[in-house]
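Shown below: work-v2.cif, with mmCIF, C-alpha atoms.
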data_my_file
#
loop_
_atom_site.label_atom_id
_atom_site.label_comp_id
_atom_site.auth_asym_id
_atom_site.auth_seq_id
_atom_site.Cartn_x
_atom_site.Cartn_y
_atom_site.Cartn_z
CA MET B 1110 15.68 -29.10 18.82
CA ALA B 1111 13.03 -30.20 16.34
CA ARG B 1112 9.58 -28.65 16.33
CA SER B 1113 6.70 -30.98 17.13
CA LYS B 1114 4.48 -31.90 14.22
CA SER B 1115 1.34 -30.28 15.65
CA LYS B 1116 3.22 -27.05 16.35
CA HIS B 1117 4.62 -27.07 12.82
CA ILE B 1118 1.18 -27.65 11.29
CA ARG B 1119 -0.23 -24.72 13.31
CA LEU B 1120 2.62 -22.48 12.19
CA VAL B 1121 2.15 -23.41 8.54
CA MET B 1122 -1.62 -22.88 8.73
CA ARG B 1123 -1.16 -19.50 10.43
CA ARG B 1124 1.30 -18.36 7.78
CA ARG B 1125 -1.02 -19.58 5.03
CA LYS B 1126 -3.97 -17.72 6.56
CA GLN B 1127 -1.98 -14.49 6.87
CA HIS B 1128 -0.74 -14.82 3.30
CA LYS B 1129 -4.25 -15.42 1.96
CA GLN B 1130 -5.58 -12.38 3.84
CA ARG B 1131 -2.72 -10.24 2.55
CA MET B 1132 -3.33 -11.36 -1.04
CA LYS B 1133 -7.07 -10.76 -0.64
CA ARG B 1134 -6.42 -7.21 0.58
CA ARG B 1135 -3.93 -6.53 -2.26
CA LYS B 1136 -6.40 -7.85 -4.81
CA ALA B 1137 -9.18 -5.63 -3.41
CA ASP B 1138 -6.90 -2.56 -3.48
CA ALA B 1139 -5.88 -3.30 -7.07
CA LYS B 1140 -9.53 -3.72 -8.06
CA ALA B 1141 -10.49 -0.42 -6.40
CA GLY B 1142 -7.88 1.29 -8.57
CA PRO B 1143 -5.24 3.95 -7.95
CA ALA B 1144 -7.78 6.41 -6.50
CA ARG B 1145 -8.11 4.32 -3.35
CA ALA B 1146 -4.33 3.97 -2.97
CA ALA B 1147 -3.88 7.75 -3.33
CA ALA B 1148 -6.60 8.43 -0.77
CA LYS B 1149 -5.07 5.92 1.63
CA LYS B 1150 -1.50 7.30 1.69
CA PRO B 1151 -2.07 10.88 2.98
CA ALA B 1152 -4.13 9.52 5.89
CA ALA B 1153 -1.16 7.43 7.02
CA LYS B 1154 1.14 10.47 6.77
CA LYS B 1155 -1.28 12.61 8.79
CA ALA B 1156 -1.43 10.00 11.55
CA ALA B 1157 2.36 9.74 11.65
CA SER B 1158 2.84 13.52 11.80
CA ALA B 1159 0.14 13.87 14.47
CA ALA B 1160 1.80 11.18 16.57
CA ALA B 1161 5.18 12.90 16.18
CA ALA B 1162 3.70 16.29 17.15
CA GLU B 1163 2.07 15.09 20.40
CA PRO B 1164 5.23 14.23 22.41
CA GLN B 1165 6.70 17.69 21.72
CA ALA B 1166 3.69 19.51 23.19
#
Encoded form (structure tokens):
Amino acid sequence: MARSKSKHIRLVMRRRKQHKQRMKRRKADAKAGPARAAAKKPAAKKAASAAAAEPQA
């Protein structure tokens, strides 16, 4: 079944918006330099290990 034109336009616009936001974020991270990327990664690991530790307790 074909998608209606309005639905297709909305889908395309949504994908475009997400892509633009993603590129904007990547650009900002690249501009901030590797220091920001290094500071960001351990925080994600801590959150993952904390979440894994809670169910065991």
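Atom CA of B:Asp1138 is found 22.7 Å from atom CA of B:Arg1123.
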When you draw a straight line from atom CA of B:Ala1137 to atom CA of B:Leu1120, how long is it in Å?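 Atom CA of B:Leu1120 lies 25.8 Å from atom CA of B:Ala1137.
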Separation of atom CA of B:Arg1125 from atom CA of B:Lys1140 in Å: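 Atom-to-atom, atom CA of B:Lys1140 and atom CA of B:Arg1125 are spaced 22.3 Å apart.
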